[in-house]
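Have a look at work_36.txt below; it lists compact mmCIF, C-alpha atoms.
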```txt
# COMPACT_ATOMS: atom_id res chain seq x y z
CA MET A 29 182.31 13.27 89.89
CA SER A 30 179.04 13.48 87.96
CA ARG A 31 177.24 14.20 91.21
CA LEU A 32 179.42 17.28 91.84
CA ILE A 33 178.91 18.42 88.22
CA ASP A 34 175.16 18.11 88.68
CA GLU A 35 175.30 20.15 91.89
CA LEU A 36 177.51 22.84 90.39
CA ARG A 37 175.18 23.15 87.40
CA LYS A 38 172.42 24.27 89.74
CA LEU A 39 174.34 27.49 90.43
CA PRO A 40 173.23 30.51 88.41
CA GLY A 41 175.32 31.13 85.30
CA ILE A 42 177.04 27.74 85.46
CA GLY A 43 176.33 25.41 82.53
CA THR A 44 177.54 21.85 81.97
CA LYS A 45 180.89 22.95 80.49
CA SER A 46 181.66 25.35 83.35
CA ALA A 47 180.55 22.78 85.90
CA GLN A 48 182.94 20.21 84.39
CA ARG A 49 185.80 22.73 84.41
CA LEU A 50 185.11 23.59 88.05
CA ALA A 51 184.82 19.93 89.04
CA PHE A 52 188.15 19.08 87.36
CA HIS A 53 189.76 22.03 89.12
CA ILE A 54 188.51 20.78 92.48
CA LEU A 55 189.71 17.25 91.58
CA ARG A 56 193.21 18.56 90.89
CA SER A 57 193.35 20.85 93.96
CA SER A 58 194.80 19.81 97.29
CA ASP A 59 192.79 17.99 99.91
CA ALA A 60 192.94 21.05 102.17
CA ASP A 61 191.64 23.39 99.47
CA ALA A 62 188.69 21.15 98.64
CA ARG A 63 187.82 20.79 102.31
CA ALA A 64 188.13 24.57 102.86
CA LEU A 65 185.68 25.24 100.02
CA ALA A 66 183.18 22.68 101.28
CA ASP A 67 183.52 24.04 104.81
CA ALA A 68 183.02 27.65 103.68
CA ILE A 69 179.79 26.65 101.95
CA LEU A 70 178.51 24.86 105.04
CA VAL A 71 179.53 27.59 107.47
CA LEU A 72 178.02 30.34 105.32
CA ARG A 73 174.76 28.46 104.97
CA GLU A 74 174.67 27.64 108.64
CA LYS A 75 175.52 31.17 109.79
CA LEU A 76 173.50 33.20 107.34
CA ARG A 77 170.29 34.57 108.71
CA LEU A 78 168.10 37.64 108.62
CA CYS A 79 168.98 40.48 110.95
CA SER A 80 166.34 40.48 113.71
CA ILE A 81 166.05 44.27 113.47
CA CYS A 82 166.19 45.11 109.74
CA ASN A 83 165.82 41.71 107.98
CA ASN A 84 169.00 42.25 105.97
CA ILE A 85 170.91 39.03 105.20
CA THR A 86 173.74 38.84 107.69
CA ASP A 87 176.13 36.44 109.40
CA VAL A 88 175.95 38.32 112.70
CA ASP A 89 172.75 39.39 114.38
CA PRO A 90 172.09 42.32 114.55
CA CYS A 91 173.73 43.14 111.21
CA GLY A 92 176.60 45.56 110.70
CA TYR A 93 174.30 48.47 109.90
CA CYS A 94 172.01 48.03 112.90
CA SER A 95 174.90 47.62 115.33
CA SER A 96 177.01 50.43 113.88
CA ALA A 97 177.88 53.34 116.14
CA VAL A 98 178.83 55.57 113.20
CA ARG A 99 175.61 55.20 111.23
CA ASP A 100 172.62 57.38 112.01
CA GLN A 101 170.19 55.06 113.78
CA HIS A 102 167.45 57.72 113.62
CA ILE A 103 166.84 57.39 109.87
CA VAL A 104 165.51 54.15 108.42
CA CYS A 105 165.45 53.54 104.67
CA VAL A 106 162.84 50.92 103.72
CA VAL A 107 163.79 48.80 100.68
CA GLU A 108 162.25 45.84 98.88
CA GLU A 109 165.22 43.47 98.71
CA PRO A 110 168.62 43.08 100.40
CA THR A 111 170.30 43.87 97.04
CA ASN A 112 168.71 47.34 97.09
CA ILE A 113 170.95 48.19 100.04
CA ALA A 114 173.98 47.87 97.77
CA THR A 115 172.35 50.23 95.25
CA ILE A 116 171.87 52.87 97.92
CA GLU A 117 175.26 52.28 99.57
CA LYS A 118 176.95 52.91 96.21
CA THR A 119 175.68 56.48 96.30
CA ARG A 120 177.91 57.09 99.36
CA SER A 121 175.43 59.76 100.38
CA TYR A 122 173.31 57.84 102.89
CA ASN A 123 174.43 57.16 106.43
CA GLY A 124 171.27 55.90 108.06
CA VAL A 125 170.10 52.32 108.55
CA TYR A 126 167.77 50.05 106.58
CA HIS A 127 164.70 47.88 106.73
CA VAL A 128 164.23 45.09 104.18
CA LEU A 129 160.64 44.10 103.31
CA HIS A 130 161.62 41.05 101.21
CA GLY A 131 159.11 41.89 98.50
CA THR A 132 156.28 44.24 97.64
CA LEU A 133 152.54 44.07 98.08
CA SER A 134 151.03 42.26 95.11
CA PRO A 135 147.37 41.30 95.38
CA ILE A 136 147.59 39.43 92.05
CA GLY A 137 150.67 37.51 93.20
CA GLY A 138 149.01 36.74 96.53
CA VAL A 139 151.42 38.88 98.55
CA GLY A 140 149.64 40.72 101.34
CA PRO A 141 151.08 42.69 104.26
CA GLU A 142 151.46 39.44 106.25
CA GLN A 143 153.84 38.02 103.65
CA LEU A 144 156.18 41.01 103.99
CA ARG A 145 158.45 41.91 106.88
CA ILE A 146 156.30 44.83 107.94
CA ALA A 147 155.51 43.78 111.53
CA ASN A 148 159.05 44.34 112.81
CA LEU A 149 159.25 47.68 110.98
CA LEU A 150 156.29 48.89 112.99
CA THR A 151 157.88 47.49 116.16
CA ARG A 152 160.96 49.62 115.48
CA LEU A 153 158.81 52.74 115.71
CA THR A 154 158.19 52.15 119.41
CA PRO A 155 161.61 51.30 120.89
CA ALA A 156 160.09 50.28 124.21
CA ALA A 157 158.57 47.28 122.45
CA MET A 158 161.92 46.24 120.98
CA PRO A 159 163.70 43.19 122.36
CA ASP A 160 166.42 44.02 124.82
CA LEU A 161 169.38 44.52 122.53
CA ASP A 162 171.21 47.07 124.63
CA SER A 163 173.78 44.55 125.67
CA ILE A 164 174.79 43.69 122.10
CA LEU A 165 174.14 46.98 120.32
CA ALA A 166 176.70 49.74 120.28
CA PRO A 167 175.01 52.75 121.86
CA ALA A 168 173.79 55.30 119.33
CA PRO A 169 175.72 58.63 119.61
CA ASP A 170 173.04 60.15 121.80
CA ASP A 171 172.15 56.82 123.39
CA ASN A 172 168.71 56.98 121.82
CA ARG A 173 167.32 54.92 118.97
CA THR A 174 164.11 56.87 118.40
CA ILE A 175 163.38 56.96 114.67
CA ARG A 176 163.07 60.47 113.26
CA GLU A 177 162.53 59.71 109.59
CA ILE A 178 161.40 56.76 107.49
CA ILE A 179 162.48 56.92 103.86
CA LEU A 180 160.26 54.74 101.67
CA ALA A 181 162.71 53.62 98.98
CA THR A 182 160.57 50.99 97.26
CA SER A 183 160.72 51.19 93.45
CA PRO A 184 158.37 53.61 91.65
CA THR A 185 156.56 50.64 90.09
CA THR A 186 152.86 49.90 90.66
CA GLU A 187 153.67 47.42 93.44
CA GLY A 188 156.38 49.61 94.95
CA GLU A 189 154.09 52.66 95.06
CA ALA A 190 151.26 50.64 96.57
CA THR A 191 153.61 49.26 99.21
CA ALA A 192 154.91 52.74 100.05
CA ALA A 193 151.36 54.12 100.34
CA TYR A 194 150.32 51.23 102.60
CA LEU A 195 153.37 51.68 104.83
CA ALA A 196 152.83 55.43 105.12
CA VAL A 197 149.31 54.85 106.44
CA GLU A 198 150.41 52.13 108.88
CA ILE A 199 153.37 54.16 110.17
CA ARG A 200 151.23 57.27 110.69
CA ARG A 201 148.69 55.18 112.55
CA ILE A 202 151.37 54.37 115.15
CA VAL A 203 153.38 57.61 115.22
CA PRO A 204 151.27 60.32 113.54
CA THR A 205 154.00 62.94 113.71
CA LEU A 206 156.85 60.87 112.26
CA ARG A 207 158.48 62.24 109.12
CA VAL A 208 157.78 59.80 106.28
CA THR A 209 159.47 60.56 102.96
CA ARG A 210 159.49 59.02 99.49
CA ILE A 211 162.48 58.94 97.12
CA ALA A 212 162.15 61.22 94.10
CA THR A 213 160.66 59.99 90.85
CA GLY A 214 161.87 61.94 87.83
CA VAL A 215 164.04 62.10 84.77
CA PRO A 216 167.16 60.00 85.40
CA ALA A 217 170.48 61.87 85.62
CA GLY A 218 172.22 62.17 82.26
CA SER A 219 169.03 61.51 80.31
CA ASP A 220 167.34 63.90 77.89
CA ILE A 221 163.78 64.85 78.87
CA GLU A 222 162.87 63.98 75.27
CA TYR A 223 163.02 60.30 76.30
CA ALA A 224 160.95 60.70 79.47
CA ASP A 225 157.59 58.94 79.41
CA GLU A 226 154.46 60.84 80.39
CA VAL A 227 154.20 59.52 83.95
CA THR A 228 157.86 60.24 84.68
CA MET A 229 157.58 63.73 83.20
CA THR A 230 154.42 64.41 85.20
CA ARG A 231 156.19 63.32 88.38
CA ALA A 232 159.27 65.38 87.47
CA MET A 233 157.10 68.50 87.07
CA GLU A 234 155.05 67.84 90.22
CA GLY A 235 158.17 67.05 92.20
CA ARG A 236 160.05 70.17 91.16
CA ARG A 237 162.15 71.71 93.89
CA ASP A 238 163.23 75.24 94.66
CA PHE A 239 166.54 75.79 92.96
CA MET B 4 161.00 65.22 37.03
CA SER B 5 164.55 64.44 38.17
CA ARG B 6 164.75 67.91 39.75
CA LEU B 7 161.71 67.14 41.94
CA ILE B 8 163.14 63.73 42.86
CA ASP B 9 166.40 65.40 43.91
CA GLU B 10 164.53 67.93 46.04
CA LEU B 11 162.33 65.28 47.67
CA ARG B 12 165.40 63.17 48.50
CA LYS B 13 166.68 65.99 50.70
CA LEU B 14 163.78 65.38 53.12
CA PRO B 15 164.61 63.25 56.17
CA GLY B 16 163.72 59.57 55.74
CA ILE B 17 163.11 59.87 52.00
CA GLY B 18 165.49 57.86 49.79
CA THR B 19 165.63 57.65 45.98
CA LYS B 20 162.89 55.02 45.76
CA SER B 21 160.48 56.95 48.00
CA ALA B 22 161.27 60.18 46.18
CA GLN B 23 160.44 58.54 42.84
CA ARG B 24 157.19 57.15 44.23
CA LEU B 25 156.21 60.59 45.59
CA ALA B 26 157.16 62.32 42.34
CA PHE B 27 155.08 59.88 40.28
CA HIS B 28 152.16 60.42 42.64
CA ILE B 29 152.40 64.18 42.18
CA LEU B 30 152.67 63.68 38.41
CA ARG B 31 149.44 61.67 38.39
CA SER B 32 147.57 64.01 40.75
CA SER B 33 145.36 66.87 39.58
CA ASP B 34 146.73 70.29 38.80
CA ALA B 35 144.88 71.71 41.81
CA ASP B 36 146.34 69.14 44.22
CA ALA B 37 149.89 69.76 43.04
CA ARG B 38 149.45 73.49 43.31
CA ALA B 39 147.89 73.15 46.80
CA LEU B 40 150.90 71.15 48.00
CA ALA B 41 153.39 73.63 46.57
CA ASP B 42 151.43 76.52 48.04
CA ALA B 43 151.24 74.91 51.46
CA ILE B 44 155.02 74.50 51.49
CA LEU B 45 155.58 78.12 50.52
CA VAL B 46 153.02 79.52 52.93
CA LEU B 47 154.32 77.44 55.85
CA ARG B 48 157.92 78.48 55.19
CA GLU B 49 156.93 82.07 54.78
CA LYS B 50 154.77 82.18 57.87
CA LEU B 51 156.81 80.09 60.28
CA ARG B 52 158.79 82.11 62.73
CA LEU B 53 159.82 82.15 66.38
CA CYS B 54 157.35 83.57 68.87
CA SER B 55 158.71 86.96 69.93
CA ILE B 56 157.87 86.19 73.56
CA CYS B 57 158.80 82.51 74.11
CA ASN B 58 160.79 81.58 70.94
CA ASN B 59 158.54 78.62 70.21
CA ILE B 60 158.09 77.84 66.51
CA THR B 61 154.77 79.33 65.48
CA ASP B 62 152.82 80.62 62.51
CA VAL B 63 151.24 83.41 64.52
CA ASP B 64 153.15 85.80 66.72
CA PRO B 65 152.75 85.66 69.69
CA CYS B 66 152.23 81.90 69.72
CA GLY B 67 149.11 80.11 70.95
CA TYR B 68 150.54 79.58 74.44
CA CYS B 69 151.65 83.16 74.99
CA SER B 70 148.37 84.61 73.72
CA SER B 71 146.15 82.11 75.54
CA ALA B 72 143.69 83.46 78.09
CA VAL B 73 143.19 80.02 79.68
CA ARG B 74 146.86 79.24 80.34
CA ASP B 75 148.54 80.53 83.48
CA GLN B 76 150.78 83.33 82.23
CA HIS B 77 152.41 83.59 85.68
CA ILE B 78 154.38 80.33 85.39
CA VAL B 79 157.08 79.95 82.74
CA CYS B 80 158.64 76.57 81.99
CA VAL B 81 162.08 76.95 80.39
CA VAL B 82 162.97 74.17 77.91
CA GLU B 83 165.88 73.48 75.58
CA GLU B 84 164.04 72.81 72.31
CA PRO B 85 160.55 73.38 70.84
CA THR B 86 160.02 69.58 70.81
CA ASN B 87 160.34 69.54 74.61
CA ILE B 88 157.05 71.45 74.79
CA ALA B 89 155.27 68.42 73.31
CA THR B 90 156.87 66.18 75.96
CA ILE B 91 155.53 68.38 78.74
CA GLU B 92 152.13 68.96 77.10
CA LYS B 93 151.64 65.19 76.89
CA THR B 94 151.63 65.05 80.71
CA ARG B 95 148.39 67.11 80.67
CA SER B 96 149.39 68.38 84.07
CA TYR B 97 150.99 71.71 83.16
CA ASN B 98 148.96 74.77 82.31
CA GLY B 99 151.58 77.52 82.34
CA VAL B 100 153.54 78.96 79.44
CA TYR B 101 157.00 78.22 78.02
CA HIS B 102 160.33 79.70 77.05
CA VAL B 103 162.50 77.93 74.49
CA LEU B 104 166.26 78.42 74.75
CA HIS B 105 167.08 76.68 71.45
CA GLY B 106 170.02 74.81 72.94
CA THR B 107 172.10 74.46 76.10
CA LEU B 108 175.29 76.07 77.27
CA SER B 109 178.23 74.08 75.93
CA PRO B 110 181.66 75.65 76.33
CA ILE B 111 183.21 72.80 74.31
CA GLY B 112 180.69 73.22 71.50
CA GLY B 113 181.22 76.98 71.54
CA VAL B 114 177.71 77.73 72.82
CA GLY B 115 177.75 80.59 75.32
CA PRO B 116 174.82 82.52 76.83
CA GLU B 117 174.79 84.83 73.76
CA GLN B 118 174.03 81.89 71.45
CA LEU B 119 170.93 80.95 73.45
CA ARG B 120 167.63 82.81 73.65
CA ILE B 121 168.27 83.98 77.20
CA ALA B 122 168.02 87.74 76.69
CA ASN B 123 164.28 87.74 76.04
CA LEU B 124 163.70 85.39 79.00
CA LEU B 125 165.24 87.99 81.28
CA THR B 126 163.16 90.69 79.60
CA ARG B 127 160.02 88.73 80.47
CA LEU B 128 160.87 89.08 84.16
CA THR B 129 160.30 92.83 84.02
CA PRO B 130 157.04 93.30 82.09
CA ALA B 131 157.56 97.06 81.86
CA ALA B 132 160.47 96.39 79.52
CA MET B 133 158.35 94.16 77.28
CA PRO B 134 157.27 95.42 73.86
CA ASP B 135 153.74 96.73 73.83
CA LEU B 136 151.78 93.58 73.17
CA ASP B 137 148.64 94.54 75.04
CA SER B 138 146.78 95.14 71.81
CA ILE B 139 147.41 91.63 70.46
CA LEU B 140 147.57 89.62 73.66
CA ALA B 141 144.47 88.31 75.34
CA PRO B 142 144.46 89.80 78.83
CA ALA B 143 145.59 87.39 81.51
CA PRO B 144 142.76 86.44 83.94
CA ASP B 145 143.86 89.05 86.45
CA ASP B 146 145.13 91.40 83.74
CA ASN B 147 148.66 90.98 84.99
CA ARG B 148 151.53 89.10 83.39
CA THR B 149 153.97 89.24 86.30
CA ILE B 150 155.90 85.97 86.44
CA ARG B 151 155.59 84.16 89.77
CA GLU B 152 157.58 81.02 89.04
CA ILE B 153 160.22 79.93 86.55
CA ILE B 154 160.51 76.15 86.14
CA LEU B 155 163.91 75.17 84.76
CA ALA B 156 163.04 72.08 82.70
CA THR B 157 166.34 71.59 80.90
CA SER B 158 167.49 67.95 80.82
CA PRO B 159 169.46 66.59 83.81
CA THR B 160 172.53 66.22 81.57
CA THR B 161 175.81 68.03 82.20
CA GLU B 162 174.90 70.81 79.75
CA GLY B 163 171.28 71.00 80.93
CA GLU B 164 172.31 71.28 84.59
CA ALA B 165 174.93 73.94 83.77
CA THR B 166 172.34 75.90 81.81
CA ALA B 167 169.82 75.67 84.67
CA ALA B 168 172.42 76.82 87.20
CA TYR B 169 173.44 79.76 84.99
CA LEU B 170 169.83 80.81 84.47
CA ALA B 171 169.03 80.61 88.19
CA VAL B 172 171.87 83.03 88.93
CA GLU B 173 170.87 85.44 86.14
CA ILE B 174 167.19 85.36 87.09
CA ARG B 175 167.93 86.00 90.77
CA ARG B 176 170.17 88.89 89.80
CA ILE B 177 167.15 90.62 88.25
CA VAL B 178 164.33 89.48 90.59
CA PRO B 179 165.97 88.11 93.77
CA THR B 180 162.68 86.97 95.28
CA LEU B 181 161.30 85.09 92.26
CA ARG B 182 160.54 81.41 92.80
CA VAL B 183 162.91 79.40 90.60
CA THR B 184 162.35 75.62 90.55
CA ARG B 185 164.03 72.64 88.90
CA ILE B 186 162.24 69.51 87.65
CA ALA B 187 162.89 66.41 89.75
CA THR B 188 165.74 64.04 88.94
CA GLY B 189 165.10 60.52 90.18
CA VAL B 190 164.22 56.95 89.41
CA PRO B 191 161.89 56.92 86.36
CA ALA B 192 158.30 55.79 86.97
CA GLY B 193 157.85 52.05 86.45
CA SER B 194 161.55 51.34 86.85
CA ASP B 195 163.13 49.19 89.54
CA ILE B 196 165.64 51.05 91.74
CA GLU B 197 167.97 48.12 91.05
CA TYR B 198 168.64 49.67 87.62
CA ALA B 199 169.22 53.21 88.89
CA ASP B 200 172.77 54.49 88.42
CA GLU B 201 174.60 56.06 91.34
CA VAL B 202 173.99 59.69 90.39
CA THR B 203 170.28 59.11 89.82
CA MET B 204 169.95 57.20 93.11
CA THR B 205 171.83 59.94 94.97
CA ARG B 206 169.49 62.56 93.51
CA ALA B 207 166.45 60.39 94.29
CA MET B 208 167.54 60.17 97.95
CA GLU B 209 168.46 63.85 98.22
CA GLY B 210 165.25 64.88 96.50
CA ARG B 211 162.97 62.78 98.69
CA ARG B 212 159.69 64.42 99.56
CA ASP B 213 157.38 64.22 102.52
CA PHE B 214 154.85 61.51 101.81
```
Please express what this file holds, its structure, as structure tokens.
Amino acid sequence: MSRLIDELRKLPGIGTKSAQRLAFHILRSSDADARALADAILVLREKLRLCSICNNITDVDPCGYCSSAVRDQHIVCVVEEPTNIATIEKTRSYNGVYHVLHGTLSPIGGVGPEQLRIANLLTRLTPAAMPDLDSILAPAPDDNRTIREIILATSPTTEGEATAAYLAVEIRRIVPTLRVTRIATGVPAGSDIEYADEVTMTRAMEGRRDF
Amino acid sequence: MSRLIDELRKLPGIGTKSAQRLAFHILRSSDADARALADAILVLREKLRLCSICNNITDVDPCGYCSSAVRDQHIVCVVEEPTNIATIEKTRSYNGVYHVLHGTLSPIGGVGPEQLRIANLLTRLTPAAMPDLDSILAPAPDDNRTIREIILATSPTTEGEATAAYLAVEIRRIVPTLRVTRIATGVPAGSDIEYADEVTMTRAMEGRRDF
């Protein structure tokens, strides 16, 4: 019993009291329920992996986005973390696919390009070099997976900007004509410009668009 | 003495204690100092007015921006309040002039286009209709005050967006070819996209720019 409590306490947001409550619940539940929970944990852990195309966390490889026939496989949105995909999906305005870097460049933190999942982003630019996935992938609408646009959606932080700048150079080195875009930095929706800091306001002015 | 304390207490951020302290200070100060303070208040109040061109608060008409020979008189940045000018000036990246609306459209609050300083913005679009200011205004570098761009820098709030949309229509009605731009809405600089709300993230994606 105390072993289970100790294990449960390792979960985020679960203290000793919660762990005890959960452990007692499991103790009182049926044999089948306890086994189903344990099994689900094992199966998840065993099955979870990174998508070999986009590095998103997935239980099938390639992931649901990369194998989707309804999503636009020509636009790739590059994000820092798998959780960023949820942020962008919530907008319900993006129908392309993703590429997860699993971090940002951080010379101080010892994170260089090799520590990020950049290599297989660059591979995606030249489909001929891609592993033979035709058998498992649903064909794109026009049976062509050539990338037409890379959206760099790293955060507008120092590290995020540096990462975006690095990627833009590397991408252009491989496909000089590819459209590479950066998400807009500016005053957040619903906010008064009075509260905008100088850098944000500068970017909002520089990034102004024809109305 | 109590009359001065009462008057001082009407100032923002000044309570009874502060008002007493200020009043005692004035009591102890020299005759000349007291008179200088009183004079400064009267002169400021008497002299302060709205710039007849841009509606900024000023003690000379036209204001320093509108009469400046070094600022670009061809670009007008439309803001809600005089304080917004300081926000934009702090960026040190804008060298055009301004137009202060003194509010935003708010049907619920009973603020229609007539309550805002829109009329003299539209007048500015057709310099021939402007009052004869040539004698007081420093000549623009190319001796020509034709507006080439209007930047709508109202806040990305419901009222600010409605005001910008209204102005764009009105401006185009008078000069259909004039460049009308809107400041960028997006993820604020230094912020993680994880904290961006859905509307901001949608606008950041839609407003992406070529890198």
Neighbour list for Glu142 (chain A) as JSON, numbers by chain, cut-off 12 Å, all atoms listed in the file, skip fewer than 6 positions in-chain: {"A": [129, 130, 131, 132, 133, 134, 135, 148]}
Between CA of Ala217 (chain A) and CA of Arg185 (chain B), what distance in Å does the model show, to one decimal? 13.0 Å
Fewer than 6 positions away in the same chain doesn't count, so skip those; otherwise give me all residues within 12 Å of region 69-82 of chain A, counting all atoms listed in the file, as a PDB file with C-alpha atoms, in the coordinates of the input.
```
ATOM      1  CA  ALA A  62     188.690  21.150  98.640  1.00  0.00           C
ATOM      2  CA  ARG A  63     187.820  20.790 102.310  1.00  0.00           C
ATOM      3  CA  VAL A  88     175.950  38.320 112.700  1.00  0.00           C
ATOM      4  CA  ASP A  89     172.750  39.390 114.380  1.00  0.00           C
ATOM      5  CA  PRO A  90     172.090  42.320 114.550  1.00  0.00           C
ATOM      6  CA  CYS A  91     173.730  43.140 111.210  1.00  0.00           C
ATOM      7  CA  GLY A  92     176.600  45.560 110.700  1.00  0.00           C
ATOM      8  CA  TYR A  93     174.300  48.470 109.900  1.00  0.00           C
ATOM      9  CA  CYS A  94     172.010  48.030 112.900  1.00  0.00           C
ATOM     10  CA  SER A  95     174.900  47.620 115.330  1.00  0.00           C
ATOM     11  CA  GLN A 101     170.190  55.060 113.780  1.00  0.00           C
ATOM     12  CA  VAL A 104     165.510  54.150 108.420  1.00  0.00           C
ATOM     13  CA  CYS A 105     165.450  53.540 104.670  1.00  0.00           C
ATOM     14  CA  VAL A 106     162.840  50.920 103.720  1.00  0.00           C
ATOM     15  CA  VAL A 107     163.790  48.800 100.680  1.00  0.00           C
ATOM     16  CA  GLU A 108     162.250  45.840  98.880  1.00  0.00           C
ATOM     17  CA  GLU A 109     165.220  43.470  98.710  1.00  0.00           C
ATOM     18  CA  PRO A 110     168.620  43.080 100.400  1.00  0.00           C
ATOM     19  CA  ILE A 113     170.950  48.190 100.040  1.00  0.00           C
ATOM     20  CA  VAL A 125     170.100  52.320 108.550  1.00  0.00           C
ATOM     21  CA  TYR A 126     167.770  50.050 106.580  1.00  0.00           C
ATOM     22  CA  HIS A 127     164.700  47.880 106.730  1.00  0.00           C
ATOM     23  CA  VAL A 128     164.230  45.090 104.180  1.00  0.00           C
ATOM     24  CA  LEU A 129     160.640  44.100 103.310  1.00  0.00           C
ATOM     25  CA  HIS A 130     161.620  41.050 101.210  1.00  0.00           C
ATOM     26  CA  ARG A 145     158.450  41.910 106.880  1.00  0.00           C
ATOM     27  CA  ILE A 146     156.300  44.830 107.940  1.00  0.00           C
ATOM     28  CA  ALA A 147     155.510  43.780 111.530  1.00  0.00           C
ATOM     29  CA  ASN A 148     159.050  44.340 112.810  1.00  0.00           C
ATOM     30  CA  LEU A 149     159.250  47.680 110.980  1.00  0.00           C
ATOM     31  CA  LEU A 150     156.290  48.890 112.990  1.00  0.00           C
ATOM     32  CA  THR A 151     157.880  47.490 116.160  1.00  0.00           C
ATOM     33  CA  ARG A 152     160.960  49.620 115.480  1.00  0.00           C
ATOM     34  CA  LEU A 153     158.810  52.740 115.710  1.00  0.00           C
ATOM     35  CA  PRO A 155     161.610  51.300 120.890  1.00  0.00           C
ATOM     36  CA  MET A 158     161.920  46.240 120.980  1.00  0.00           C
ATOM     37  CA  PRO A 159     163.700  43.190 122.360  1.00  0.00           C
ATOM     38  CA  ASP A 160     166.420  44.020 124.820  1.00  0.00           C
ATOM     39  CA  LEU A 161     169.380  44.520 122.530  1.00  0.00           C
ATOM     40  CA  LEU A 165     174.140  46.980 120.320  1.00  0.00           C
TER      41      LEU A 165
END
```
Can you tell me, as a count of residues only, what residues are no more than 10 Å from Glu92 (chain B) when counting only C-alpha atoms, ignoring any on the same chain fewer than 4 positions away? 8
Protein/DNA/RNA residues near (161.3, 71.9, 92.8), cut 7 Å, only C-alpha atoms, as a PyMOL selection string: (chain A and resi 235-239) or (chain B and resi 184-187)
Using C-alpha atoms, can you export the residues from the last selection as a PDB file, in the frame of the given file?
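Here's the written file out_27.pdb:
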```pdb
ATOM      1  CA  GLY A 235     158.170  67.050  92.200  1.00  0.00           C
ATOM      2  CA  ARG A 236     160.050  70.170  91.160  1.00  0.00           C
ATOM      3  CA  ARG A 237     162.150  71.710  93.890  1.00  0.00           C
ATOM      4  CA  ASP A 238     163.230  75.240  94.660  1.00  0.00           C
ATOM      5  CA  PHE A 239     166.540  75.790  92.960  1.00  0.00           C
TER       6      PHE A 239
ATOM      7  CA  THR B 184     162.350  75.620  90.550  1.00  0.00           C
ATOM      8  CA  ARG B 185     164.030  72.640  88.900  1.00  0.00           C
ATOM      9  CA  ILE B 186     162.240  69.510  87.650  1.00  0.00           C
ATOM     10  CA  ALA B 187     162.890  66.410  89.750  1.00  0.00           C
TER      11      ALA B 187
END
```
Given all atoms listed in the file as the counted atoms, nearest of B:Arg148, B:Thr86, B:Gly112, B:Thr180 to chain A: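 Of B:Arg148, B:Thr86, B:Gly112, B:Thr180, the one nearest chain A, counting all atoms listed in the file, is B:Thr86.
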I'd like to know which of B:Gly16, B:Gly99, B:Pro179, B:Pro159 is closest to chain A, using all atoms listed in the file.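 Looking at the shortest contact to chain A, the residue is B:Pro159.
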Could you please give me, as an MDAnalysis selection string, the residues of protein, DNA or RNA lying at most 10 Å from (157.9, 55.7, 89.7) in the coordinate frame of the file, considering only C-alpha atoms? (chainID A and resid 182:186 188:189 211:214 227:228 231) or (chainID B and resid 189:196)
Which is closest to Glu209 (chain B) among A:Arg99, A:Arg120, A:Arg176, A:Lys38, if we use all atoms listed in the file? A:Arg120
Interatomic distance, CA of Asp75 (chain B) to CA of Asn58 (chain B) (Å, one decimal):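 Taking CA of Asp75 (chain B) and CA of Asn58 (chain B), their separation equals 17.6 Å.
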From the options B:Thr94, B:Thr166, B:Thr129, B:Thr149, which residue's atoms come nearest to chain A, counting all atoms listed in the file? B:Thr94
